[in-house]
Structure formats: C-alpha cells, structure tokens
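Student: Take a look at this one; I'll ask things after.
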Amino acid sequence: DGVINGNHRCSLSGQDLNRQWPDPGPRLHPTISHLKLLLAELAAAERLALFCDLHGHSSRKGWFLYCCDSHVSMLPSILARRSPFFSLGSCTFKVAKGKQCTGRAVVKSEVGCDQSFTCEASMMGADLPDGSTVHFNTQHLRQMGAVLCDGIAEYLLPQQALAHM
C-alpha cells in the first residue's frame, strides 16, 4: 500500500512490512498477516512448492536472489544462464542475524518451505559482461519476470514435464 503512494520500503502506517513477518498484526500489516495464513494452509495441504518475495534493491546492481541456504544453489545458476542481467555473484546463501524477520526466513522456519527466496532487482540497472551498463526499464523487468518464471519451472519440474509444455 505504501509503494503506490511513493514509498520505497514502508507501508502507509510507516512500517517496513518485510520486518513484520514474525508477528504481523491483522490491522497494521494485513497483507503479511493474510499471506502467512494462506501460505500455512497451502503448506498443510502440501501445495506450497516455493516462496519468492519480489523486491527492488537500492545499492547492488543486476538482479539476484537471497537464498536461505546453499542447497538451493541450482536456481540462481539457472537464472544466470538464462539472463545477462542476473548477478550470480550478488546472491547470498544464508540468513544473516538481521534478516531473520524477513519473508523468506520466516516462511522457511515457520511455514516449513525450504524453497524460500527473495528476488531483488536493482533500481540502478546492471553491469553487463561486455562492460556496458543498462538501466532497467519496464521491458527489462518483464523479461526478468518471464526468465524467473521459466527458471522456477526448470528448477521444480522434471525435464520430462517441461518437454510436454
């Protein structure tokens, strides 16, 4: 609700919603509160395969993933192979102490979804392998979204299923 009003990090209540995941209030943080309930229902029904929180990043270039641990390292490799804008070197594979209250960390620890990520896209664009720099526009962001979806499908689905899509 804050982004549509010009905020980058905060909701209209002035709070960083990505730090409210451990105990979201249904009145102050309704999107997080209801999403946690939905994710718990999906997990209980064994219908939650992956959680990916989408963010804009203000200092690192490119787009990259924050992963909870190293056993999920194939997804970043798949995305790096599919997009020149993806920065494998900017990916992290652990949850730092100050990030334990984020969506990806809480969904992994409380909901039990091991495939829990934060996908960050830089607000500054990307440095390309040829040394040039590109500032992301709407078309780039749409391409990255398509690559993310295709990469997740490659990561989660057996190759036989992909051959029939």
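Ligands are numbered from 1 in the order shown, chains are lettered A, B, ... in the order of the structure tokens, and residues start at 1 in each chain.
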List the spatial neighbours of A:Leu156 as a list in words - criterion: any atom at most 12 Å away, only C-alpha atoms, same-chain residues fewer than 4 positions off excluded.
Tutor: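 Skipping anything fewer than 4 positions along the chain leaves Leu48, Ala49, Leu50, Val72, Met74, Leu75, Ile78, Gln115, Cys149, Asp150, Gly151, Ile152, Gln160, Ala161 and Leu162 of chain A.
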Student: Could you list, as an mmCIF file with all heavy atoms, in the first residue's frame, every residue within 9 Å of A:Asn18, counting only C-alpha atoms and ignoring same-chain residues fewer than 3 positions away?
Tutor:
data_model
loop_
_atom_site.group_PDB
_atom_site.id
_atom_site.type_symbol
_atom_site.label_atom_id
_atom_site.label_comp_id
_atom_site.auth_asym_id
_atom_site.auth_seq_id
_atom_site.Cartn_x
_atom_site.Cartn_y
_atom_site.Cartn_z
ATOM 1 N N ARG A 9 9.989 1.568 0.942
ATOM 2 C CA ARG A 9 10.096 0.480 1.911
ATOM 3 C C ARG A 9 8.914 0.365 2.860
ATOM 4 O O ARG A 9 8.664 -0.693 3.398
ATOM 5 C CB ARG A 9 11.359 0.644 2.765
ATOM 6 C CG ARG A 9 12.646 0.496 2.009
ATOM 7 C CD ARG A 9 13.816 0.351 2.948
ATOM 8 N NE ARG A 9 13.763 -0.831 3.771
ATOM 9 C CZ ARG A 9 14.240 -2.025 3.432
ATOM 10 N NH1 ARG A 9 14.780 -2.193 2.255
ATOM 11 N NH2 ARG A 9 14.182 -3.034 4.251
ATOM 12 N N CYS A 10 8.224 1.432 3.072
ATOM 13 C CA CYS A 10 7.237 1.461 4.160
ATOM 14 C C CYS A 10 5.800 1.418 3.652
ATOM 15 O O CYS A 10 5.484 1.940 2.590
ATOM 16 C CB CYS A 10 7.418 2.722 4.999
ATOM 17 S SG CYS A 10 9.001 2.775 5.844
ATOM 18 N N GLN A 15 5.636 1.496 8.414
ATOM 19 C CA GLN A 15 6.424 0.344 8.839
ATOM 20 C C GLN A 15 6.947 -0.441 7.652
ATOM 21 O O GLN A 15 6.274 -0.578 6.635
ATOM 22 C CB GLN A 15 5.575 -0.556 9.735
ATOM 23 C CG GLN A 15 5.155 0.165 10.987
ATOM 24 C CD GLN A 15 4.380 -0.741 11.922
ATOM 25 O OE1 GLN A 15 4.071 -1.874 11.616
ATOM 26 N NE2 GLN A 15 4.062 -0.229 13.099
ATOM 27 N N TRP A 21 7.206 -9.988 9.461
ATOM 28 C CA TRP A 21 6.808 -11.371 9.221
ATOM 29 C C TRP A 21 6.698 -12.230 10.481
ATOM 30 O O TRP A 21 5.808 -13.082 10.552
ATOM 31 C CB TRP A 21 7.749 -12.018 8.208
ATOM 32 C CG TRP A 21 7.372 -11.672 6.807
ATOM 33 C CD1 TRP A 21 7.722 -10.552 6.111
ATOM 34 C CD2 TRP A 21 6.549 -12.430 5.943
ATOM 35 N NE1 TRP A 21 7.160 -10.579 4.865
ATOM 36 C CE2 TRP A 21 6.441 -11.730 4.738
ATOM 37 C CE3 TRP A 21 5.891 -13.640 6.070
ATOM 38 C CZ2 TRP A 21 5.701 -12.189 3.664
ATOM 39 C CZ3 TRP A 21 5.154 -14.116 4.998
ATOM 40 C CH2 TRP A 21 5.063 -13.392 3.817
ATOM 41 N N ILE A 32 0.647 -9.011 5.052
ATOM 42 C CA ILE A 32 1.560 -10.026 5.578
ATOM 43 C C ILE A 32 0.780 -11.029 6.427
ATOM 44 O O ILE A 32 0.975 -12.247 6.302
ATOM 45 C CB ILE A 32 2.698 -9.385 6.406
ATOM 46 C CG1 ILE A 32 3.463 -8.352 5.573
ATOM 47 C CG2 ILE A 32 3.631 -10.447 6.967
ATOM 48 C CD1 ILE A 32 4.096 -8.885 4.319
ATOM 49 N N CYS A 101 13.850 -11.874 10.334
ATOM 50 C CA CYS A 101 12.441 -11.469 10.378
ATOM 51 C C CYS A 101 11.877 -11.198 8.977
ATOM 52 O O CYS A 101 10.748 -10.729 8.848
ATOM 53 C CB CYS A 101 12.277 -10.241 11.264
ATOM 54 S SG CYS A 101 13.250 -8.838 10.707
ATOM 55 N N THR A 102 12.641 -11.510 7.938
ATOM 56 C CA THR A 102 12.179 -11.276 6.568
ATOM 57 C C THR A 102 11.253 -12.391 6.106
ATOM 58 O O THR A 102 11.211 -13.474 6.693
ATOM 59 C CB THR A 102 13.362 -11.170 5.600
ATOM 60 O OG1 THR A 102 14.086 -12.401 5.610
ATOM 61 C CG2 THR A 102 14.285 -10.015 5.957
ATOM 62 N N GLY A 103 10.541 -12.145 5.026
ATOM 63 C CA GLY A 103 9.610 -13.125 4.490
ATOM 64 C C GLY A 103 10.247 -14.464 4.210
ATOM 65 O O GLY A 103 9.759 -15.505 4.647
#
Student: Please provide as a PDB file with all heavy atoms, in the first residue's frame all residues within 6 Å of A:Ser87, with the sequence filter that same-chain residues fewer than 3 positions apart are discarded (counting only C-alpha atoms).
Tutor:
ATOM      1  N   GLY A  62      22.090  -5.282 -10.970  1.00  0.00           N
ATOM      2  CA  GLY A  62      21.607  -6.533 -11.525  1.00  0.00           C
ATOM      3  C   GLY A  62      20.369  -7.011 -10.801  1.00  0.00           C
ATOM      4  O   GLY A  62      19.707  -6.266 -10.091  1.00  0.00           O
ATOM      5  N   TRP A  63      20.056  -8.270 -11.028  1.00  0.00           N
ATOM      6  CA  TRP A  63      19.010  -8.900 -10.224  1.00  0.00           C
ATOM      7  C   TRP A  63      19.586 -10.190  -9.697  1.00  0.00           C
ATOM      8  O   TRP A  63      20.467 -10.795 -10.294  1.00  0.00           O
ATOM      9  CB  TRP A  63      17.696  -9.033 -10.960  1.00  0.00           C
ATOM     10  CG  TRP A  63      17.618  -9.948 -12.140  1.00  0.00           C
ATOM     11  CD1 TRP A  63      18.241  -9.793 -13.329  1.00  0.00           C
ATOM     12  CD2 TRP A  63      16.832 -11.143 -12.250  1.00  0.00           C
ATOM     13  NE1 TRP A  63      17.904 -10.818 -14.176  1.00  0.00           N
ATOM     14  CE2 TRP A  63      17.043 -11.653 -13.544  1.00  0.00           C
ATOM     15  CE3 TRP A  63      15.973 -11.824 -11.395  1.00  0.00           C
ATOM     16  CZ2 TRP A  63      16.426 -12.817 -14.001  1.00  0.00           C
ATOM     17  CZ3 TRP A  63      15.365 -12.973 -11.858  1.00  0.00           C
ATOM     18  CH2 TRP A  63      15.584 -13.458 -13.138  1.00  0.00           C
ATOM     19  N   PHE A  64      19.137 -10.587  -8.525  1.00  0.00           N
ATOM     20  CA  PHE A  64      19.785 -11.672  -7.809  1.00  0.00           C
ATOM     21  C   PHE A  64      18.843 -12.224  -6.762  1.00  0.00           C
ATOM     22  O   PHE A  64      17.763 -11.666  -6.529  1.00  0.00           O
ATOM     23  CB  PHE A  64      21.088 -11.183  -7.168  1.00  0.00           C
ATOM     24  CG  PHE A  64      20.932  -9.934  -6.352  1.00  0.00           C
ATOM     25  CD1 PHE A  64      20.674  -9.993  -4.995  1.00  0.00           C
ATOM     26  CD2 PHE A  64      21.034  -8.673  -6.949  1.00  0.00           C
ATOM     27  CE1 PHE A  64      20.512  -8.843  -4.254  1.00  0.00           C
ATOM     28  CE2 PHE A  64      20.869  -7.518  -6.210  1.00  0.00           C
ATOM     29  CZ  PHE A  64      20.611  -7.600  -4.855  1.00  0.00           C
ATOM     30  N   SER A  90      26.154 -11.657  -6.696  1.00  0.00           N
ATOM     31  CA  SER A  90      25.433 -10.887  -5.679  1.00  0.00           C
ATOM     32  C   SER A  90      24.478 -11.744  -4.845  1.00  0.00           C
ATOM     33  O   SER A  90      23.899 -11.262  -3.881  1.00  0.00           O
ATOM     34  CB  SER A  90      24.631  -9.752  -6.340  1.00  0.00           C
ATOM     35  OG  SER A  90      25.505  -8.784  -6.865  1.00  0.00           O
TER      36      SER A  90
END
Student: Which residues come within 12 Å of A:Gly14, counting only C-alpha atoms, excluding same-chain residues fewer than 3 positions away, as a list in words?
Tutor: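 With the cut-off at 12 Å, the set is Asp1, Gly2, Val3, Asn5, Gly6, Asn7, His8, Arg9, Cys10, Ser11, Leu17, Arg19, Gln20, Leu28 and His29 of chain A.
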Student: Would you return as a PyMOL selection string the members of stretch 13-110 of chain A that DSSP assigns to strand (DSSP E or B) on this structure's backbone?
Tutor: chain A and resi 16+51-57+63-67+86+92-93
Student: Just the residues within 9 Å of stretch 122-135 of chain A, please, counting only C-alpha atoms, with nothing from its chain fewer than 2 positions along; format it as an mmCIF file with N, CA, C and O atoms, in the first residue's frame.
Tutor:
data_model
loop_
_atom_site.group_PDB
_atom_site.id
_atom_site.type_symbol
_atom_site.label_atom_id
_atom_site.label_comp_id
_atom_site.auth_asym_id
_atom_site.auth_seq_id
_atom_site.Cartn_x
_atom_site.Cartn_y
_atom_site.Cartn_z
ATOM 1 N N HIS A 55 11.446 -7.901 -4.628
ATOM 2 C CA HIS A 55 11.858 -6.611 -4.059
ATOM 3 C C HIS A 55 12.657 -5.798 -5.075
ATOM 4 O O HIS A 55 13.251 -6.346 -5.991
ATOM 5 N N GLY A 56 12.736 -4.496 -4.837
ATOM 6 C CA GLY A 56 13.670 -3.619 -5.528
ATOM 7 C C GLY A 56 14.857 -3.379 -4.613
ATOM 8 O O GLY A 56 14.693 -3.271 -3.399
ATOM 9 N N HIS A 57 16.050 -3.329 -5.167
ATOM 10 C CA HIS A 57 17.264 -3.126 -4.349
ATOM 11 C C HIS A 57 17.885 -1.783 -4.702
ATOM 12 O O HIS A 57 17.993 -1.418 -5.863
ATOM 13 N N SER A 58 18.315 -1.059 -3.679
ATOM 14 C CA SER A 58 18.783 0.307 -3.903
ATOM 15 C C SER A 58 20.294 0.449 -4.080
ATOM 16 O O SER A 58 20.753 1.524 -4.460
ATOM 17 N N SER A 59 21.083 -0.609 -3.853
ATOM 18 C CA SER A 59 22.535 -0.407 -3.969
ATOM 19 C C SER A 59 23.251 -1.420 -4.853
ATOM 20 O O SER A 59 24.161 -1.048 -5.575
ATOM 21 N N ARG A 60 22.890 -2.683 -4.822
ATOM 22 C CA ARG A 60 23.558 -3.667 -5.697
ATOM 23 C C ARG A 60 22.963 -3.602 -7.092
ATOM 24 O O ARG A 60 21.766 -3.364 -7.264
ATOM 25 N N LYS A 61 23.794 -3.861 -8.083
ATOM 26 C CA LYS A 61 23.318 -3.847 -9.466
ATOM 27 C C LYS A 61 22.898 -5.245 -9.904
ATOM 28 O O LYS A 61 23.306 -6.245 -9.339
ATOM 29 N N GLY A 62 22.090 -5.282 -10.970
ATOM 30 C CA GLY A 62 21.607 -6.533 -11.525
ATOM 31 C C GLY A 62 20.369 -7.011 -10.801
ATOM 32 O O GLY A 62 19.707 -6.266 -10.091
ATOM 33 N N TRP A 63 20.056 -8.270 -11.028
ATOM 34 C CA TRP A 63 19.010 -8.900 -10.224
ATOM 35 C C TRP A 63 19.586 -10.190 -9.697
ATOM 36 O O TRP A 63 20.467 -10.795 -10.294
ATOM 37 N N PHE A 64 19.137 -10.587 -8.525
ATOM 38 C CA PHE A 64 19.785 -11.672 -7.809
ATOM 39 C C PHE A 64 18.843 -12.224 -6.762
ATOM 40 O O PHE A 64 17.763 -11.666 -6.529
ATOM 41 N N PRO A 84 21.410 -12.180 -18.997
ATOM 42 C CA PRO A 84 22.670 -11.446 -18.815
ATOM 43 C C PRO A 84 22.589 -10.438 -17.668
ATOM 44 O O PRO A 84 23.612 -9.956 -17.191
ATOM 45 N N PHE A 85 21.389 -10.133 -17.205
ATOM 46 C CA PHE A 85 21.221 -9.179 -16.119
ATOM 47 C C PHE A 85 21.345 -9.819 -14.738
ATOM 48 O O PHE A 85 21.467 -9.125 -13.746
ATOM 49 N N PHE A 86 21.273 -11.164 -14.688
ATOM 50 C CA PHE A 86 21.313 -11.844 -13.393
ATOM 51 C C PHE A 86 22.742 -11.863 -12.861
ATOM 52 O O PHE A 86 23.674 -12.228 -13.568
ATOM 53 N N SER A 87 22.906 -11.470 -11.595
ATOM 54 C CA SER A 87 24.229 -11.393 -10.970
ATOM 55 C C SER A 87 24.402 -12.528 -9.955
ATOM 56 O O SER A 87 23.977 -12.408 -8.799
ATOM 57 N N GLU A 120 15.663 -9.901 -5.799
ATOM 58 C CA GLU A 120 15.916 -8.460 -5.799
ATOM 59 C C GLU A 120 16.264 -8.000 -7.211
ATOM 60 O O GLU A 120 17.086 -8.628 -7.883
ATOM 61 N N ASN A 137 14.330 -0.830 -17.664
ATOM 62 C CA ASN A 137 13.056 -0.209 -17.994
ATOM 63 C C ASN A 137 11.962 -1.274 -17.846
ATOM 64 O O ASN A 137 12.239 -2.409 -17.441
ATOM 65 N N HIS A 140 12.677 -4.563 -19.663
ATOM 66 C CA HIS A 140 13.676 -5.397 -18.980
ATOM 67 C C HIS A 140 13.047 -6.145 -17.805
ATOM 68 O O HIS A 140 13.298 -7.338 -17.601
#
Student: Between A:Arg47, A:Arg82, A:Lys36, A:Arg27, single out the one closest to A:Lys108, counting only C-alpha atoms.
Tutor: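 Of A:Arg47, A:Arg82, A:Lys36, A:Arg27, the one nearest A:Lys108 is A:Lys36, counting only C-alpha atoms.
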Student: Please provide as a JSON list (two decimals) with N, CA, C and O atoms, in the first residue's frame all residues within 9 Å of A:Cys67, with the sequence filter that same-chain residues fewer than 6 positions apart are discarded (counting only C-alpha atoms).
Tutor:
[["chain", "number", "residue", "atom", "x", "y", "z"],
["A", 73, "SER", "N", 21.17, -23.83, -4.56],
["A", 73, "SER", "CA", 22.04, -23.06, -5.45],
["A", 73, "SER", "C", 21.77, -23.29, -6.93],
["A", 73, "SER", "O", 22.26, -22.55, -7.77],
["A", 76, "PRO", "N", 19.69, -20.09, -8.70],
["A", 76, "PRO", "CA", 20.49, -18.94, -9.17],
["A", 76, "PRO", "C", 21.33, -19.28, -10.40],
["A", 76, "PRO", "O", 21.47, -18.45, -11.31],
["A", 91, "CYS", "N", 24.31, -13.01, -5.22],
["A", 91, "CYS", "CA", 23.42, -13.90, -4.47],
["A", 91, "CYS", "C", 24.06, -14.25, -3.13],
["A", 91, "CYS", "O", 25.27, -14.33, -2.99],
["A", 92, "THR", "N", 23.21, -14.44, -2.13],
["A", 92, "THR", "CA", 23.67, -14.93, -0.82],
["A", 92, "THR", "C", 22.94, -16.22, -0.51],
["A", 92, "THR", "O", 21.83, -16.46, -0.99],
["A", 93, "PHE", "N", 23.58, -17.07, 0.29],
["A", 93, "PHE", "CA", 23.05, -18.40, 0.57],
["A", 93, "PHE", "C", 22.97, -18.67, 2.07],
["A", 93, "PHE", "O", 23.29, -19.76, 2.54],
["A", 94, "LYS", "N", 22.54, -17.66, 2.82],
["A", 94, "LYS", "CA", 22.36, -17.81, 4.26],
["A", 94, "LYS", "C", 21.44, -16.69, 4.73],
["A", 94, "LYS", "O", 21.19, -15.72, 4.01],
["A", 95, "VAL", "N", 20.95, -16.83, 5.95],
["A", 95, "VAL", "CA", 20.12, -15.78, 6.54],
["A", 95, "VAL", "C", 20.94, -15.14, 7.65],
["A", 95, "VAL", "O", 21.22, -15.77, 8.67],
["A", 104, "ARG", "N", 11.36, -14.47, 3.49],
["A", 104, "ARG", "CA", 11.97, -15.75, 3.11],
["A", 104, "ARG", "C", 12.39, -16.55, 4.33],
["A", 104, "ARG", "O", 12.21, -17.77, 4.38],
["A", 105, "ALA", "N", 12.95, -15.89, 5.35],
["A", 105, "ALA", "CA", 13.42, -16.59, 6.54],
["A", 105, "ALA", "C", 12.25, -17.13, 7.36],
["A", 105, "ALA", "O", 12.28, -18.28, 7.83],
["A", 115, "GLN", "N", 12.22, -24.05, -0.05],
["A", 115, "GLN", "CA", 12.49, -23.30, -1.28],
["A", 115, "GLN", "C", 11.95, -21.88, -1.11],
["A", 115, "GLN", "O", 10.95, -21.49, -1.68],
["A", 116, "SER", "N", 12.62, -21.11, -0.28],
["A", 116, "SER", "CA", 12.16, -19.77, 0.07],
["A", 116, "SER", "C", 13.24, -18.75, -0.29],
["A", 116, "SER", "O", 14.37, -18.85, 0.17],
["A", 117, "PHE", "N", 12.87, -17.77, -1.12],
["A", 117, "PHE", "CA", 13.83, -16.82, -1.67],
["A", 117, "PHE", "C", 13.31, -15.40, -1.59],
["A", 117, "PHE", "O", 12.11, -15.17, -1.52],
["A", 118, "THR", "N", 14.23, -14.45, -1.69],
["A", 118, "THR", "CA", 13.90, -13.07, -2.01],
["A", 118, "THR", "C", 14.58, -12.77, -3.33],
["A", 118, "THR", "O", 15.78, -12.99, -3.49],
["A", 119, "CYS", "N", 13.83, -12.31, -4.30],
["A", 119, "CYS", "CA", 14.36, -11.92, -5.60],
["A", 119, "CYS", "C", 14.46, -10.39, -5.61],
["A", 119, "CYS", "O", 13.47, -9.70, -5.42]]
Student: Calculate how many Å separate atom CA of A:Ala153 from atom CA of A:Cys68, rounding to one decimal.
Tutor: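 Pair atom CA of A:Ala153 / atom CA of A:Cys68 returns 19.4 Å.
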